[in-house]
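Have a look at work28.txt; it's compact mmCIF, N, CA and C atoms:
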# COMPACT_ATOMS: atom_id res chain seq x y z
N MET M 19 -7.12 14.06 -9.55
CA MET M 19 -7.49 12.77 -10.09
C MET M 19 -6.85 12.61 -11.46
N SER M 20 -6.51 11.40 -11.81
CA SER M 20 -5.93 11.11 -13.10
C SER M 20 -6.88 11.50 -14.21
N ARG M 21 -6.37 12.18 -15.21
CA ARG M 21 -7.25 12.61 -16.30
C ARG M 21 -7.69 11.42 -17.14
N ILE M 22 -6.84 10.44 -17.28
CA ILE M 22 -7.21 9.23 -18.02
C ILE M 22 -8.08 8.33 -17.16
N GLY M 23 -7.66 8.09 -15.93
CA GLY M 23 -8.35 7.16 -15.05
C GLY M 23 -9.77 7.56 -14.71
N LYS M 24 -10.07 8.85 -14.67
CA LYS M 24 -11.41 9.26 -14.27
C LYS M 24 -12.44 9.13 -15.40
N GLN M 25 -11.99 8.91 -16.63
CA GLN M 25 -12.92 8.74 -17.74
C GLN M 25 -13.51 7.33 -17.70
N SER M 26 -14.79 7.24 -17.95
CA SER M 26 -15.42 5.92 -17.99
C SER M 26 -15.23 5.31 -19.38
N ILE M 27 -15.39 4.01 -19.47
CA ILE M 27 -15.28 3.30 -20.74
C ILE M 27 -16.67 2.85 -21.14
N ALA M 28 -17.09 3.25 -22.33
CA ALA M 28 -18.38 2.81 -22.87
C ALA M 28 -18.20 1.40 -23.42
N VAL M 29 -19.09 0.50 -23.04
CA VAL M 29 -19.04 -0.88 -23.51
C VAL M 29 -20.05 -1.02 -24.65
N PRO M 30 -19.56 -1.25 -25.89
CA PRO M 30 -20.47 -1.37 -27.03
C PRO M 30 -21.30 -2.65 -26.98
N ASP M 31 -22.34 -2.69 -27.79
CA ASP M 31 -23.15 -3.90 -27.92
C ASP M 31 -22.28 -5.04 -28.42
N GLY M 32 -22.49 -6.21 -27.88
CA GLY M 32 -21.74 -7.38 -28.31
C GLY M 32 -20.46 -7.61 -27.52
N VAL M 33 -20.13 -6.71 -26.60
CA VAL M 33 -18.92 -6.86 -25.79
C VAL M 33 -19.34 -7.09 -24.35
N LYS M 34 -18.70 -8.06 -23.70
CA LYS M 34 -19.02 -8.40 -22.32
C LYS M 34 -17.76 -8.19 -21.47
N VAL M 35 -17.88 -7.44 -20.38
CA VAL M 35 -16.77 -7.16 -19.47
C VAL M 35 -17.11 -7.75 -18.12
N GLU M 36 -16.18 -8.57 -17.57
CA GLU M 36 -16.38 -9.19 -16.27
C GLU M 36 -15.12 -8.99 -15.42
N ALA M 37 -15.32 -8.83 -14.12
CA ALA M 37 -14.21 -8.76 -13.18
C ALA M 37 -14.26 -9.98 -12.28
N LYS M 38 -13.15 -10.70 -12.21
CA LYS M 38 -13.02 -11.86 -11.34
C LYS M 38 -11.77 -11.66 -10.51
N GLY M 39 -11.95 -11.18 -9.30
CA GLY M 39 -10.80 -10.87 -8.45
C GLY M 39 -10.04 -9.69 -9.04
N LEU M 40 -8.76 -9.89 -9.29
CA LEU M 40 -7.94 -8.83 -9.88
C LEU M 40 -7.89 -8.91 -11.40
N GLU M 41 -8.57 -9.88 -11.98
CA GLU M 41 -8.55 -10.03 -13.44
C GLU M 41 -9.80 -9.45 -14.07
N ILE M 42 -9.60 -8.81 -15.21
CA ILE M 42 -10.69 -8.29 -16.02
C ILE M 42 -10.73 -9.13 -17.29
N HIS M 43 -11.90 -9.63 -17.64
CA HIS M 43 -12.10 -10.43 -18.85
C HIS M 43 -13.02 -9.66 -19.78
N VAL M 44 -12.58 -9.52 -21.04
CA VAL M 44 -13.37 -8.83 -22.05
C VAL M 44 -13.58 -9.80 -23.20
N LYS M 45 -14.84 -10.01 -23.57
CA LYS M 45 -15.17 -10.93 -24.65
C LYS M 45 -16.02 -10.20 -25.67
N GLY M 46 -15.67 -10.37 -26.95
CA GLY M 46 -16.40 -9.72 -28.02
C GLY M 46 -16.40 -10.57 -29.27
N PRO M 47 -16.88 -10.01 -30.39
CA PRO M 47 -17.01 -10.78 -31.61
C PRO M 47 -15.68 -11.22 -32.23
N LYS M 48 -14.59 -10.54 -31.92
CA LYS M 48 -13.28 -10.88 -32.49
C LYS M 48 -12.39 -11.68 -31.55
N GLY M 49 -12.92 -12.06 -30.37
CA GLY M 49 -12.13 -12.87 -29.45
C GLY M 49 -12.32 -12.43 -28.01
N SER M 50 -11.42 -12.89 -27.17
CA SER M 50 -11.49 -12.53 -25.75
C SER M 50 -10.09 -12.21 -25.24
N LEU M 51 -10.03 -11.31 -24.27
CA LEU M 51 -8.77 -10.88 -23.68
C LEU M 51 -8.94 -10.80 -22.17
N SER M 52 -7.86 -10.98 -21.44
CA SER M 52 -7.91 -10.81 -19.99
C SER M 52 -6.61 -10.15 -19.54
N GLU M 53 -6.70 -9.44 -18.43
CA GLU M 53 -5.55 -8.72 -17.90
C GLU M 53 -5.72 -8.55 -16.40
N LYS M 54 -4.63 -8.63 -15.66
CA LYS M 54 -4.66 -8.35 -14.23
C LYS M 54 -4.48 -6.86 -14.03
N ILE M 55 -5.25 -6.30 -13.09
CA ILE M 55 -5.10 -4.89 -12.77
C ILE M 55 -4.49 -4.78 -11.37
N PRO M 56 -3.88 -3.65 -11.05
CA PRO M 56 -3.28 -3.48 -9.73
C PRO M 56 -4.31 -3.63 -8.61
N ALA M 57 -3.87 -4.18 -7.50
CA ALA M 57 -4.78 -4.47 -6.37
C ALA M 57 -5.39 -3.21 -5.77
N SER M 58 -4.72 -2.09 -5.86
CA SER M 58 -5.23 -0.87 -5.23
C SER M 58 -6.35 -0.21 -6.02
N ILE M 59 -6.60 -0.63 -7.24
CA ILE M 59 -7.61 -0.01 -8.10
C ILE M 59 -8.90 -0.82 -8.05
N SER M 60 -10.02 -0.12 -7.86
CA SER M 60 -11.33 -0.76 -7.82
C SER M 60 -12.04 -0.58 -9.17
N VAL M 61 -12.71 -1.63 -9.61
CA VAL M 61 -13.43 -1.60 -10.88
C VAL M 61 -14.92 -1.67 -10.61
N HIS M 62 -15.68 -0.83 -11.30
CA HIS M 62 -17.14 -0.83 -11.18
C HIS M 62 -17.72 -1.03 -12.57
N ILE M 63 -18.41 -2.15 -12.77
CA ILE M 63 -18.97 -2.48 -14.08
C ILE M 63 -20.48 -2.31 -14.01
N ALA M 64 -20.99 -1.39 -14.81
CA ALA M 64 -22.43 -1.19 -14.94
C ALA M 64 -22.86 -1.83 -16.26
N ALA M 65 -24.11 -1.63 -16.66
CA ALA M 65 -24.64 -2.26 -17.86
C ALA M 65 -23.79 -1.95 -19.10
N LYS M 66 -23.51 -0.70 -19.36
CA LYS M 66 -22.77 -0.31 -20.56
C LYS M 66 -21.61 0.63 -20.24
N GLU M 67 -21.05 0.52 -19.03
CA GLU M 67 -20.00 1.44 -18.62
C GLU M 67 -19.09 0.79 -17.59
N VAL M 68 -17.80 1.06 -17.71
CA VAL M 68 -16.81 0.58 -16.74
C VAL M 68 -16.09 1.80 -16.19
N THR M 69 -15.99 1.89 -14.86
CA THR M 69 -15.27 2.99 -14.22
C THR M 69 -14.26 2.43 -13.23
N PHE M 70 -13.26 3.24 -12.91
CA PHE M 70 -12.19 2.84 -12.02
C PHE M 70 -12.04 3.89 -10.92
N THR M 71 -11.72 3.46 -9.71
CA THR M 71 -11.46 4.37 -8.60
C THR M 71 -10.18 3.94 -7.90
N ARG M 72 -9.56 4.89 -7.21
CA ARG M 72 -8.34 4.61 -6.45
C ARG M 72 -8.55 5.04 -5.01
N PRO M 73 -7.80 4.46 -4.08
CA PRO M 73 -8.03 4.75 -2.67
C PRO M 73 -7.53 6.11 -2.21
N ASP M 74 -6.45 6.61 -2.82
CA ASP M 74 -5.87 7.88 -2.38
C ASP M 74 -5.10 8.52 -3.54
N ASP M 75 -4.44 9.63 -3.26
CA ASP M 75 -3.73 10.37 -4.30
C ASP M 75 -2.22 10.14 -4.29
N ARG M 76 -1.78 9.02 -3.75
CA ARG M 76 -0.35 8.72 -3.81
C ARG M 76 0.06 8.57 -5.27
N LYS M 77 1.31 8.89 -5.56
CA LYS M 77 1.80 8.91 -6.93
C LYS M 77 1.60 7.56 -7.64
N GLU M 78 1.92 6.47 -6.96
CA GLU M 78 1.78 5.16 -7.62
C GLU M 78 0.31 4.82 -7.88
N ASN M 79 -0.59 5.20 -6.98
CA ASN M 79 -2.00 4.93 -7.21
C ASN M 79 -2.56 5.77 -8.35
N ARG M 80 -2.08 7.01 -8.49
CA ARG M 80 -2.51 7.84 -9.63
C ARG M 80 -2.05 7.20 -10.94
N ALA M 81 -0.82 6.68 -10.96
CA ALA M 81 -0.31 6.04 -12.17
C ALA M 81 -1.08 4.76 -12.48
N PHE M 82 -1.33 3.94 -11.46
CA PHE M 82 -2.07 2.70 -11.67
C PHE M 82 -3.51 2.95 -12.12
N HIS M 83 -4.08 4.06 -11.66
CA HIS M 83 -5.45 4.41 -12.02
C HIS M 83 -5.56 4.59 -13.55
N GLY M 84 -4.68 5.39 -14.11
CA GLY M 84 -4.68 5.61 -15.56
C GLY M 84 -4.29 4.36 -16.33
N LEU M 85 -3.34 3.59 -15.79
CA LEU M 85 -2.90 2.36 -16.44
C LEU M 85 -4.04 1.36 -16.56
N ALA M 86 -4.76 1.15 -15.47
CA ALA M 86 -5.86 0.17 -15.47
C ALA M 86 -6.93 0.57 -16.48
N ARG M 87 -7.28 1.85 -16.50
CA ARG M 87 -8.29 2.33 -17.43
C ARG M 87 -7.83 2.15 -18.87
N ALA M 88 -6.58 2.48 -19.15
CA ALA M 88 -6.05 2.36 -20.52
C ALA M 88 -5.99 0.91 -20.97
N LEU M 89 -5.59 0.00 -20.08
CA LEU M 89 -5.53 -1.42 -20.44
C LEU M 89 -6.90 -1.95 -20.83
N VAL M 90 -7.91 -1.65 -20.02
CA VAL M 90 -9.24 -2.17 -20.29
C VAL M 90 -9.84 -1.50 -21.54
N ALA M 91 -9.60 -0.21 -21.73
CA ALA M 91 -10.10 0.47 -22.93
C ALA M 91 -9.50 -0.15 -24.18
N ASN M 92 -8.22 -0.47 -24.15
CA ASN M 92 -7.58 -1.11 -25.30
C ASN M 92 -8.08 -2.53 -25.51
N MET M 93 -8.41 -3.22 -24.43
CA MET M 93 -8.97 -4.57 -24.57
C MET M 93 -10.35 -4.51 -25.23
N VAL M 94 -11.17 -3.54 -24.83
CA VAL M 94 -12.50 -3.40 -25.44
C VAL M 94 -12.35 -3.11 -26.93
N LYS M 95 -11.43 -2.24 -27.28
CA LYS M 95 -11.20 -1.92 -28.69
C LYS M 95 -10.66 -3.14 -29.44
N GLY M 96 -9.80 -3.92 -28.77
CA GLY M 96 -9.17 -5.07 -29.41
C GLY M 96 -10.13 -6.19 -29.76
N VAL M 97 -11.20 -6.37 -28.98
CA VAL M 97 -12.13 -7.44 -29.28
C VAL M 97 -13.16 -7.01 -30.33
N LEU M 98 -13.10 -5.75 -30.74
CA LEU M 98 -14.00 -5.27 -31.79
C LEU M 98 -13.35 -5.14 -33.15
N VAL M 99 -12.07 -4.78 -33.16
CA VAL M 99 -11.35 -4.50 -34.40
C VAL M 99 -10.56 -5.74 -34.81
N PRO M 100 -10.65 -6.17 -36.06
CA PRO M 100 -9.90 -7.35 -36.50
C PRO M 100 -8.39 -7.05 -36.53
N PHE M 101 -7.60 -8.08 -36.32
CA PHE M 101 -6.15 -7.96 -36.35
C PHE M 101 -5.67 -7.70 -37.78
N VAL M 102 -4.82 -6.71 -37.94
CA VAL M 102 -4.27 -6.37 -39.26
C VAL M 102 -2.76 -6.42 -39.19
N LYS M 103 -2.13 -7.13 -40.12
CA LYS M 103 -0.67 -7.19 -40.16
C LYS M 103 -0.11 -6.02 -40.89
Give the structure from this file in structure tokens form.
Amino acid sequence: MSRIGKQSIAVPDGVKVEAKGLEIHVKGPKGSLSEKIPASISVHIAAKEVTFTRPDDRKENRAFHGLARALVANMVKGVLVPFVK
């Protein structure tokens, strides 16, 4: 299993994560972000945790697993931290 993809993402207070089809929407105090994730990756959103699963161990699915997790983790961080030039 992907070492990055198997880690869950903790959702802090004030941040809302929603999945609509293949799009993930993250809204927080500093704004909102959305991103499409690969179709082969499944997203499970609990109260304060987001996890990702993949259908098999093919190379591309392992790569997409980590990619999807990293994208959403960065989105959660991005809606919390103010933009700095």
Hey, can you check how far atom CA of Gly46 of chain M sits from atom CA of Gln25 of chain M?
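Atom CA of Gly46 of chain M sits 21.4 Å away from atom CA of Gln25 of chain M.
One finds atom CA of Val94 of chain M at 21.6 Å from atom CA of Ser58 of chain M.
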Would you kindly return, as a PyMOL selection string, each protein, DNA or RNA residue with an atom no farther than 7 Å from any atom of His43 of chain M, considering only C-alpha atoms and excluding same-chain residues fewer than 4 positions away?
chain M and resi 35-37+51-53
Would you save the residues of that selection, restricted to N, CA and C atoms, as a compact mmCIF listing (two decimals), in the frame of the given file?
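After the write, out_8.txt holds the following:
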# COMPACT_ATOMS: atom_id res chain seq x y z
N VAL M 35 -17.88 -7.44 -20.38
CA VAL M 35 -16.77 -7.16 -19.47
C VAL M 35 -17.11 -7.75 -18.12
N GLU M 36 -16.18 -8.57 -17.57
CA GLU M 36 -16.38 -9.19 -16.27
C GLU M 36 -15.12 -8.99 -15.42
N ALA M 37 -15.32 -8.83 -14.12
CA ALA M 37 -14.21 -8.76 -13.18
C ALA M 37 -14.26 -9.98 -12.28
N LEU M 51 -10.03 -11.31 -24.27
CA LEU M 51 -8.77 -10.88 -23.68
C LEU M 51 -8.94 -10.80 -22.17
N SER M 52 -7.86 -10.98 -21.44
CA SER M 52 -7.91 -10.81 -19.99
C SER M 52 -6.61 -10.15 -19.54
N GLU M 53 -6.70 -9.44 -18.43
CA GLU M 53 -5.55 -8.72 -17.90
C GLU M 53 -5.72 -8.55 -16.40
Length of the atom CA of Lys95 of chain M to atom CA of Lys24 of chain M vector [Å]
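Computed distance, atom CA of Lys95 of chain M to atom CA of Lys24 of chain M, equals 18.2 Å.
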DSSP-assigned helix (DSSP H, G or I) among segment 62-100 of chain M, expressed as a list in words
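Here is the list: Lys77, Glu78, Asn79, Arg80, Ala81, Phe82, His83, Gly84, Leu85, Ala86, Arg87, Ala88, Leu89, Val90, Ala91, Asn92, Met93, Val94, Lys95 and Gly96 of chain M.
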Find the residues around Leu40 of chain M up to 6.5 Å (all atoms listed in the file counted), leave out those fewer than 6 positions away in its own chain, and share them as a PyMOL selection string.
chain M and resi 53-57
If we count only C-alpha atoms, what is near Gly49 of chain M at a cut-off of 9 Å, once residues fewer than 3 positions away on the same chain are taken out, given as a list in words?
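Within the cut-off, the hits are Val44, Lys45, Gly46, Gly96, Val97 and Leu98 of chain M.
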Selection near Ala28 of chain M, 6 Å with only N, CA and C atoms, sequence-local residues under 3 positions removed, as JSON, numbers by chain
{"M": [66, 67, 68]}
Repair of segment 83-94 of chain M at the level of all heavy atoms, as a compact mmCIF listing (two decimals), keeping the file's coordinate frame:
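The new file selection_7.txt reads:
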# COMPACT_ATOMS: atom_id res chain seq x y z
N HIS M 83 -4.08 4.06 -11.66
CA HIS M 83 -5.45 4.41 -12.02
C HIS M 83 -5.56 4.59 -13.55
O HIS M 83 -6.42 4.00 -14.20
CB HIS M 83 -5.83 5.69 -11.28
CG HIS M 83 -7.27 6.05 -11.34
ND1 HIS M 83 -7.69 7.35 -11.20
CD2 HIS M 83 -8.40 5.33 -11.52
CE1 HIS M 83 -9.00 7.40 -11.28
NE2 HIS M 83 -9.46 6.18 -11.49
N GLY M 84 -4.68 5.39 -14.11
CA GLY M 84 -4.68 5.61 -15.56
C GLY M 84 -4.29 4.36 -16.33
O GLY M 84 -4.84 4.07 -17.39
N LEU M 85 -3.34 3.59 -15.79
CA LEU M 85 -2.90 2.36 -16.44
C LEU M 85 -4.04 1.36 -16.56
O LEU M 85 -4.28 0.79 -17.63
CB LEU M 85 -1.74 1.73 -15.67
CG LEU M 85 -1.31 0.34 -16.14
CD1 LEU M 85 -0.63 0.43 -17.49
CD2 LEU M 85 -0.42 -0.31 -15.12
N ALA M 86 -4.76 1.15 -15.47
CA ALA M 86 -5.86 0.17 -15.47
C ALA M 86 -6.93 0.57 -16.48
O ALA M 86 -7.42 -0.27 -17.24
CB ALA M 86 -6.46 0.05 -14.07
N ARG M 87 -7.28 1.85 -16.50
CA ARG M 87 -8.29 2.33 -17.43
C ARG M 87 -7.83 2.15 -18.87
O ARG M 87 -8.58 1.70 -19.74
CB ARG M 87 -8.61 3.80 -17.14
CG ARG M 87 -9.85 4.30 -17.87
CD ARG M 87 -9.43 5.05 -19.10
NE ARG M 87 -10.62 5.51 -19.82
CZ ARG M 87 -10.63 5.63 -21.13
NH1 ARG M 87 -9.60 5.30 -21.85
NH2 ARG M 87 -11.71 6.07 -21.73
N ALA M 88 -6.58 2.48 -19.15
CA ALA M 88 -6.05 2.36 -20.52
C ALA M 88 -5.99 0.91 -20.97
O ALA M 88 -6.32 0.59 -22.12
CB ALA M 88 -4.66 3.00 -20.59
N LEU M 89 -5.59 0.00 -20.08
CA LEU M 89 -5.53 -1.42 -20.44
C LEU M 89 -6.90 -1.95 -20.83
O LEU M 89 -7.05 -2.64 -21.84
CB LEU M 89 -4.96 -2.23 -19.28
CG LEU M 89 -3.47 -2.08 -18.99
CD1 LEU M 89 -3.12 -2.80 -17.70
CD2 LEU M 89 -2.65 -2.61 -20.14
N VAL M 90 -7.91 -1.65 -20.02
CA VAL M 90 -9.24 -2.17 -20.29
C VAL M 90 -9.84 -1.50 -21.54
O VAL M 90 -10.48 -2.16 -22.35
CB VAL M 90 -10.16 -2.01 -19.07
CG1 VAL M 90 -11.58 -2.43 -19.39
CG2 VAL M 90 -9.62 -2.85 -17.92
N ALA M 91 -9.60 -0.21 -21.73
CA ALA M 91 -10.10 0.47 -22.93
C ALA M 91 -9.50 -0.15 -24.18
O ALA M 91 -10.20 -0.36 -25.19
CB ALA M 91 -9.79 1.96 -22.86
N ASN M 92 -8.22 -0.47 -24.15
CA ASN M 92 -7.58 -1.11 -25.30
C ASN M 92 -8.08 -2.53 -25.51
O ASN M 92 -8.19 -2.99 -26.65
CB ASN M 92 -6.06 -1.09 -25.13
CG ASN M 92 -5.48 0.28 -25.31
OD1 ASN M 92 -6.06 1.15 -25.96
ND2 ASN M 92 -4.33 0.53 -24.70
N MET M 93 -8.41 -3.22 -24.43
CA MET M 93 -8.97 -4.57 -24.57
C MET M 93 -10.35 -4.51 -25.23
O MET M 93 -10.66 -5.34 -26.10
CB MET M 93 -9.06 -5.26 -23.21
CG MET M 93 -7.71 -5.65 -22.67
SD MET M 93 -7.62 -6.30 -20.98
CE MET M 93 -9.21 -6.84 -20.57
N VAL M 94 -11.17 -3.54 -24.83
CA VAL M 94 -12.50 -3.40 -25.44
C VAL M 94 -12.35 -3.11 -26.93
O VAL M 94 -13.05 -3.70 -27.76
CB VAL M 94 -13.31 -2.29 -24.73
CG1 VAL M 94 -14.56 -1.95 -25.52
CG2 VAL M 94 -13.68 -2.73 -23.33
